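Novice: Here you go, this is upload37.tsv (TSV, C-alpha atoms).
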chain	number	residue	atom	x	y	z
A	623	MET	CA	34.52	-3.29	43.55
A	624	THR	CA	31.21	-1.61	42.94
A	625	LEU	CA	30.01	-0.79	39.46
A	626	PRO	CA	30.65	2.77	38.26
A	627	ALA	CA	27.81	5.23	38.58
A	628	ILE	CA	26.11	6.22	35.33
A	629	VAL	CA	25.94	9.97	34.73
A	630	HIS	CA	23.67	11.17	31.95
A	631	LEU	CA	25.38	13.75	29.76
A	632	SER	CA	23.80	16.73	28.01
A	633	GLY	CA	25.06	19.28	25.50
A	634	GLY	CA	26.44	21.54	28.22
A	635	ARG	CA	28.15	18.66	30.02
A	636	ASP	CA	29.62	17.41	26.75
A	637	ALA	CA	31.07	20.88	26.08
A	638	LEU	CA	32.54	20.98	29.59
A	639	LEU	CA	34.27	17.65	28.99
A	640	VAL	CA	35.68	18.79	25.64
A	641	LEU	CA	37.07	21.94	27.30
A	642	ALA	CA	38.44	19.89	30.19
A	643	GLY	CA	40.05	17.52	27.69
A	644	PHE	CA	41.64	20.43	25.84
A	645	GLY	CA	43.00	21.89	29.09
A	646	ALA	CA	44.31	18.51	30.22
A	647	GLY	CA	45.94	17.86	26.85
A	648	PHE	CA	47.47	21.33	26.78
A	649	PHE	CA	49.13	21.00	30.17
A	650	ASN	CA	50.29	17.47	29.46
A	651	GLY	CA	51.82	18.78	26.24
A	652	VAL	CA	53.72	21.43	28.19
A	653	ALA	CA	55.01	19.34	31.13
A	654	GLY	CA	52.17	17.48	32.83
A	655	GLY	CA	49.37	18.15	35.28
A	656	GLY	CA	46.46	17.59	32.92
A	657	THR	CA	44.73	15.17	35.26
A	658	LEU	CA	44.22	18.11	37.61
A	659	ILE	CA	41.85	19.50	34.96
A	660	SER	CA	40.05	16.36	33.76
A	661	PHE	CA	39.70	14.61	37.14
A	662	PRO	CA	37.95	17.55	38.89
A	663	ALA	CA	35.68	18.04	35.85
A	664	LEU	CA	34.48	14.44	36.10
A	665	LEU	CA	34.00	14.76	39.85
A	666	ALA	CA	31.95	17.92	39.28
A	667	LEU	CA	29.68	15.96	36.92
A	668	GLY	CA	28.95	13.45	39.66
A	669	TYR	CA	31.29	10.55	38.94
A	670	PRO	CA	32.80	8.68	41.92
A	671	ALA	CA	36.53	9.20	42.43
A	672	LEU	CA	37.59	5.78	41.10
A	673	THR	CA	35.40	6.04	37.99
A	674	ALA	CA	36.60	9.60	37.39
A	675	ASN	CA	40.24	8.52	37.60
A	676	VAL	CA	39.81	5.59	35.21
A	677	THR	CA	37.77	7.62	32.72
A	678	SER	CA	40.22	10.51	32.88
A	679	THR	CA	43.19	8.23	32.17
A	680	VAL	CA	41.58	6.80	29.04
A	681	GLY	CA	40.04	10.07	27.87
A	682	ILE	CA	43.16	12.24	27.96
A	683	TRP	CA	45.46	9.67	26.33
A	684	PRO	CA	45.16	11.32	22.86
A	685	GLY	CA	46.60	14.47	24.44
A	686	TYR	CA	49.84	12.64	25.11
A	687	VAL	CA	49.93	11.57	21.46
A	688	GLY	CA	49.54	15.20	20.43
A	689	GLY	CA	52.40	16.09	22.76
A	690	VAL	CA	54.69	13.58	21.06
A	691	ALA	CA	53.91	15.19	17.71
A	692	GLY	CA	55.08	18.53	19.07
A	693	PHE	CA	58.34	17.06	20.41
A	694	ARG	CA	58.92	14.70	17.49
A	695	ARG	CA	62.43	15.98	16.69
A	696	GLU	CA	63.68	15.57	20.27
A	697	ALA	CA	62.03	12.18	20.57
A	698	HIS	CA	63.37	10.84	17.28
A	699	ALA	CA	66.94	11.69	18.27
A	700	GLN	CA	66.80	9.46	21.37
A	701	ARG	CA	65.42	6.18	20.10
A	702	ASP	CA	68.18	4.19	21.82
A	703	ARG	CA	66.98	5.34	25.23
A	704	PHE	CA	63.40	4.38	24.48
A	705	VAL	CA	64.43	0.81	23.75
A	706	VAL	CA	65.49	0.47	27.41
A	707	LEU	CA	62.95	2.73	29.11
A	708	ALA	CA	59.82	1.65	27.21
A	709	PRO	CA	59.41	-1.83	28.77
A	710	ILE	CA	60.22	-0.45	32.23
A	711	THR	CA	57.55	2.21	31.82
A	712	VAL	CA	54.91	-0.19	30.51
A	713	ALA	CA	55.57	-2.65	33.35
A	714	GLY	CA	55.34	0.04	36.03
A	715	ALA	CA	52.16	1.61	34.63
A	716	THR	CA	50.50	-1.79	34.29
A	717	LEU	CA	51.32	-2.59	37.91
A	718	GLY	CA	49.92	0.77	39.04
A	719	ALA	CA	46.68	0.25	37.11
A	720	VAL	CA	46.27	-3.29	38.47
A	721	LEU	CA	46.84	-2.02	42.01
A	722	LEU	CA	44.14	0.59	41.49
A	723	LEU	CA	41.60	-1.99	40.34
A	724	THR	CA	42.47	-4.77	42.79
A	725	THR	CA	42.58	-2.72	45.98
A	726	PRO	CA	39.30	-1.62	47.60
A	727	SER	CA	37.74	1.43	45.96
A	728	SER	CA	37.44	2.92	49.44
A	729	ALA	CA	41.24	2.90	49.65
A	730	PHE	CA	41.51	5.05	46.53
A	731	THR	CA	38.76	7.33	47.81
A	732	ARG	CA	40.81	7.91	50.97
A	733	LEU	CA	44.04	8.39	49.03
A	734	ALA	CA	42.60	10.56	46.25
A	735	PRO	CA	42.65	13.91	48.10
A	736	TRP	CA	46.24	13.38	49.22
A	737	LEU	CA	47.31	12.34	45.73
A	738	VAL	CA	45.62	15.43	44.29
A	739	LEU	CA	47.28	17.71	46.85
A	740	PHE	CA	50.67	16.06	46.30
A	741	ALA	CA	50.33	16.45	42.54
A	742	THR	CA	49.18	20.06	42.94
A	743	VAL	CA	52.19	21.01	45.06
A	744	LEU	CA	54.52	19.25	42.63
A	745	PHE	CA	52.89	21.03	39.70
A	746	ALA	CA	53.16	24.37	41.48
A	747	LEU	CA	56.89	23.78	41.95
A	748	GLY	CA	57.27	22.87	38.28
A	749	PRO	CA	58.95	26.17	37.17
A	750	PHE	CA	61.49	26.00	40.01
A	751	LEU	CA	62.16	22.36	39.22
A	752	SER	CA	62.59	23.15	35.53
A	753	ARG	CA	65.11	25.93	36.23
A	754	TRP	CA	67.03	23.67	38.60
A	755	LEU	CA	67.15	20.87	36.06
A	756	ALA	CA	68.17	23.21	33.26
A	757	GLY	CA	71.08	24.50	35.32
A	758	SER	CA	72.38	21.13	36.44
A	759	ALA	CA	74.61	18.70	34.62
A	760	PRO	CA	74.38	15.34	36.36
A	761	ARG	CA	76.33	12.35	35.22
A	762	GLU	CA	74.34	9.47	33.78
A	763	ARG	CA	73.05	7.07	36.44
A	764	PRO	CA	71.39	4.17	34.60
A	765	VAL	CA	70.28	2.15	37.63
A	766	ALA	CA	68.72	5.19	39.28
A	767	LEU	CA	67.10	6.07	35.94
A	768	TRP	CA	65.52	2.63	35.57
A	769	ALA	CA	64.31	2.49	39.18
A	770	GLY	CA	63.01	6.06	39.08
A	771	MET	CA	61.12	5.52	35.85
A	772	PHE	CA	59.55	2.33	37.14
A	773	LEU	CA	58.26	4.08	40.28
A	774	ALA	CA	57.08	7.09	38.26
A	775	ALA	CA	55.19	4.75	35.94
A	776	VAL	CA	53.58	2.91	38.88
A	777	TYR	CA	52.35	6.27	40.17
A	778	GLY	CA	51.17	7.18	36.66
A	779	GLY	CA	49.20	3.95	36.30
A	780	TYR	CA	47.60	4.39	39.71
A	781	PHE	CA	46.71	8.08	39.50
A	782	GLY	CA	48.81	10.04	37.01
A	783	ALA	CA	48.39	13.70	38.02
A	784	ALA	CA	51.68	15.59	37.49
A	785	MET	CA	53.29	12.39	36.21
A	786	GLY	CA	55.10	14.42	33.55
A	787	VAL	CA	56.73	16.58	36.21
A	788	ILE	CA	57.82	13.46	38.10
A	789	ILE	CA	59.31	11.96	34.91
A	790	LEU	CA	61.17	15.21	34.18
A	791	ALA	CA	62.58	15.15	37.71
A	792	VAL	CA	63.78	11.56	37.28
A	793	LEU	CA	65.37	12.32	33.90
A	794	GLY	CA	66.95	15.52	35.14
A	795	MET	CA	68.61	13.79	38.07
A	796	THR	CA	69.86	10.76	36.13
A	797	LEU	CA	70.71	11.97	32.60
A	798	PRO	CA	73.24	14.63	31.53
A	799	ASP	CA	70.92	16.27	28.99
A	800	THR	CA	68.98	19.45	28.29
A	801	LEU	CA	65.47	20.06	29.52
A	802	THR	CA	64.16	20.25	25.95
A	803	ARG	CA	65.54	16.83	25.05
A	804	SER	CA	64.28	15.43	28.35
A	805	SER	CA	60.84	16.80	27.47
A	806	GLY	CA	60.93	14.76	24.27
A	807	ILE	CA	61.60	11.57	26.25
A	808	ARG	CA	58.96	12.57	28.79
A	809	ALA	CA	56.35	12.97	26.06
A	810	VAL	CA	56.90	9.48	24.63
A	811	LEU	CA	57.15	7.74	28.01
A	812	SER	CA	53.95	9.49	29.13
A	813	VAL	CA	52.16	8.06	26.07
A	814	LEU	CA	53.36	4.55	26.92
A	815	SER	CA	52.47	4.83	30.61
A	816	ASN	CA	49.02	6.20	29.96
A	817	ALA	CA	48.37	3.66	27.19
A	818	ALA	CA	49.34	0.71	29.39
A	819	ALA	CA	47.05	1.88	32.18
A	820	ALA	CA	44.25	2.63	29.70
A	821	VAL	CA	44.38	-0.92	28.31
A	822	VAL	CA	44.02	-2.36	31.81
A	823	PHE	CA	41.08	-0.06	32.55
A	824	ILE	CA	39.34	-0.82	29.25
A	825	VAL	CA	39.64	-4.56	29.83
A	826	HIS	CA	38.50	-4.53	33.45
A	827	GLY	CA	35.83	-1.83	33.36
A	828	HIS	CA	34.91	1.16	35.58
A	829	LEU	CA	35.09	3.24	32.40
A	830	GLN	CA	32.46	5.72	31.19
A	831	TRP	CA	32.88	5.62	27.41
A	832	ALA	CA	30.83	8.70	26.52
A	833	ALA	CA	32.72	10.94	28.94
A	834	ALA	CA	36.07	9.48	27.86
A	835	GLY	CA	35.21	10.15	24.23
A	836	TRP	CA	34.44	13.84	24.78
A	837	LEU	CA	37.63	14.24	26.82
A	838	ALA	CA	39.60	12.63	24.00
A	839	VAL	CA	38.26	15.10	21.42
A	840	GLY	CA	39.61	18.06	23.35
A	841	ALA	CA	42.77	16.35	24.60
A	842	LEU	CA	44.13	15.54	21.13
A	843	VAL	CA	44.02	19.17	20.04
A	844	GLY	CA	45.18	20.46	23.41
A	845	GLY	CA	48.16	18.11	23.57
A	846	TYR	CA	49.54	19.26	20.25
A	847	ALA	CA	48.93	22.92	21.05
A	848	GLY	CA	50.60	22.60	24.45
A	849	SER	CA	53.73	20.95	23.08
A	850	VAL	CA	54.10	23.48	20.25
A	851	LEU	CA	53.67	26.45	22.57
A	852	ALA	CA	55.68	24.96	25.45
A	853	ARG	CA	58.70	27.15	24.71
A	854	ARG	CA	56.77	30.23	23.55
A	855	LEU	CA	53.77	30.88	25.79
A	856	PRO	CA	54.13	32.03	29.41
A	857	ALA	CA	52.20	29.49	31.45
A	858	SER	CA	52.08	31.37	34.75
A	859	VAL	CA	48.37	32.27	34.53
A	860	PHE	CA	47.42	28.75	33.48
A	861	ARG	CA	49.62	27.27	36.20
A	862	VAL	CA	47.89	29.38	38.86
A	863	ALA	CA	44.50	28.20	37.57
A	864	VAL	CA	45.53	24.54	37.67
A	865	VAL	CA	46.97	24.90	41.18
A	866	GLY	CA	43.75	26.56	42.32
A	867	ILE	CA	41.65	23.77	40.82
A	868	GLY	CA	43.90	21.14	42.38
A	869	LEU	CA	43.76	22.69	45.85
A	870	ALA	CA	40.00	23.14	45.65
A	871	THR	CA	39.54	19.54	44.51
A	872	GLY	CA	41.80	18.11	47.21
A	873	ILE	CA	40.09	20.11	49.94
A	874	ARG	CA	36.66	19.16	48.59
A	875	LEU	CA	37.58	15.48	48.68
A	876	LEU	CA	39.00	15.81	52.20
A	877	VAL	CA	35.84	17.38	53.59
A	878	GLY	CA	33.69	14.82	51.77
Translate this file's structure into structure tokens.

Specialist:
Amino acid sequence: MTLPAIVHLSGGRDALLVLAGFGAGFFNGVAGGGTLISFPALLALGYPALTANVTSTVGIWPGYVGGVAGFRREAHAQRDRFVVLAPITVAGATLGAVLLLTTPSSAFTRLAPWLVLFATVLFALGPFLSRWLAGSAPRERPVALWAGMFLAAVYGGYFGAAMGVIILAVLGMTLPDTLTRSSGIRAVLSVLSNAAAAVVFIVHGHLQWAAAGWLAVGALVGGYAGSVLARRLPASVFRVAVVGIGLATGIRLLVG
């Protein structure tokens, strides 16, 4: 692994990171996809893909905390499920973060555009997925739930974009519950996954603390706002913007 590049920040760059953090926190508070805001912002400032991913993971973590605050009633009512799913999520996210740091950085650089494009498509399909999940009533499938959450957490630790959408899909297909209650579980599990990966990244480096700090400032406010407005504010315009950013980022990474 090579050491992360140092990018000197200025007032304008700091403001961009705060705005990117707010946008990332907002979308993570709604359903997920915030990495598609913070990751491209860090790339635009000149950070290599691996450094941008690590810094983004740590920087937007407060946004997930804000999201839990917005879904606190739904989350509090399902504490028994968290007892089982929490260790599975932490283990998967830790594995994903370790894989990111122990495989060659060139491997992530090659995978990054495809991960971005995959996450973008998944995020674009989010409304259709939400309607399908809301209209379905699956029986509880505990083994599929545990396996699905572990794989979702591995993905979240490795990259994380649209992880919330993936978690909602897993919950919707394995638990006979409403989308609102599933969103409460998703919010807490996203906090745990992101926190586990962040600890690994903090310990092993490749983190730009200044950039992560400015992202965190915006993400905390954005996460709470997104969760509170999740059932009130039409997100179609914001969703189109995120999809456009994701496609542009993936194509930019593909063409080098």

Novice: One decimal, Å: what's the distance from CA of Val705 in chain A over to CA of Val821 in chain A, could you say?

Specialist: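 Going from CA of Val705 in chain A over to CA of Val821 in chain A, I get 20.6 Å.
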
Novice: Any idea what the distance is between CA of Leu869 in chain A and CA of Pro684 in chain A?

Specialist: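 Separation of CA of Leu869 in chain A and CA of Pro684 in chain A: 25.7 Å.
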
Novice: Residues near Leu875 in chain A, anyone? I mean within 9 Å using only C-alpha atoms, not counting same-chain ones fewer than 6 positions away, as number ranges by chain.

Specialist: A: 671, 731-732, 734-736

Novice: Fewer than 2 positions away in the same chain doesn't count, so skip those; otherwise give me all residues within 12 Å of range 832-834 of chain A, counting only C-alpha atoms, as an MDAnalysis selection string.

Specialist: chainID A and resid 628:633 635:643 660:661 663:665 667:669 673:684 820 823:824 828:830 836:841

Novice: Write out as a list in words which residues come within 8 Å of Gly782 in chain A when counting all atoms listed in the file, dropping same-chain ones fewer than 3 positions away.

Specialist: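 Residues meeting the cut-off are Thr657, Thr679, Tyr777, Gly778, Gly779 and Met785 of chain A.
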
Novice: With 7 Å as the threshold, what does the neighbourhood of (58.8, 9.1, 39.6) contain in terms of residues, counting only C-alpha atoms? Coordinates are those of the file; answer as a ChimeraX atom specification.

Specialist: /A:770-771,773-775,788-789,792

Novice: Show which residues sit within 7 Å of Gly655 in chain A, as an MDAnalysis selection string. Count all atoms listed in the file, and ignore same-chain residues fewer than 3 positions away.

Specialist: chainID A and resid 649:650 658 745 783:784

Novice: Kindly indicate which residue among A:Gly647, A:Pro662, A:Leu793, A:Ala719 lies nearest to Leu767 in chain A, using all atoms listed in the file for the distances.

Specialist: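 The shortest atom-to-atom distance to Leu767 in chain A comes from A:Leu793.
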
Novice: One number please: CA of Arg694 in chain A to CA of Phe644 in chain A, in Å, one decimal.

Specialist: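 Separating CA of Arg694 in chain A from CA of Phe644 in chain A is a distance of 20.0 Å.
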
Novice: Can you tell me, as a list of chain:residue names, what residues are no more than 9 Å from Ser804 in chain A when counting only C-alpha atoms, ignoring any on the same chain fewer than 2 positions away?

Specialist: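 Answer for this query is A:Glu696, A:Ala697, A:Ile789, A:Leu790, A:Leu793, A:Gly794, A:Leu797, A:Asp799, A:Thr800, A:Leu801, A:Thr802, A:Gly806, A:Ile807, A:Arg808, A:Ala809.
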
Novice: Could you tell me, as a list of chain:residue names, which residues have any atom at most 10 Å from (57.8, 6.6, 26.3), counting only C-alpha atoms?

Specialist: A:Val690, A:Ala697, A:Arg701, A:Arg703, A:Phe704, A:Val705, A:Val706, A:Leu707, A:Ala708, A:Pro709, A:Ile710, A:Thr711, A:Val712, A:Gly806, A:Ile807, A:Arg808, A:Ala809, A:Val810, A:Leu811, A:Ser812, A:Val813, A:Leu814, A:Ser815, A:Asn816, A:Ala817

Novice: Measuring between all atoms listed in the file, which one of A:Ile659, A:Leu733, A:Ala766, A:Val825 shows the shortest distance to Val865 in chain A?

Specialist: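 Looking only at the distances to Val865 in chain A, the closest residue turns out to be A:Ile659.
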
Novice: Using only C-alpha atoms, find the one residue out of A:Pro798, A:Gly835, A:Gly685, A:Gly872 that sits nearest to Thr742 in chain A.

Specialist: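 Ranking A:Pro798, A:Gly835, A:Gly685, A:Gly872 by distance to Thr742 in chain A, first place goes to A:Gly872.
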
Novice: Restricting the calculation to all atoms listed in the file, which member of A:Ala870, A:Val787, A:Val850, A:Leu717 is positioned closest to Ala746 in chain A?

Specialist: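 Looking only at the distances to Ala746 in chain A, the closest residue turns out to be A:Val787.
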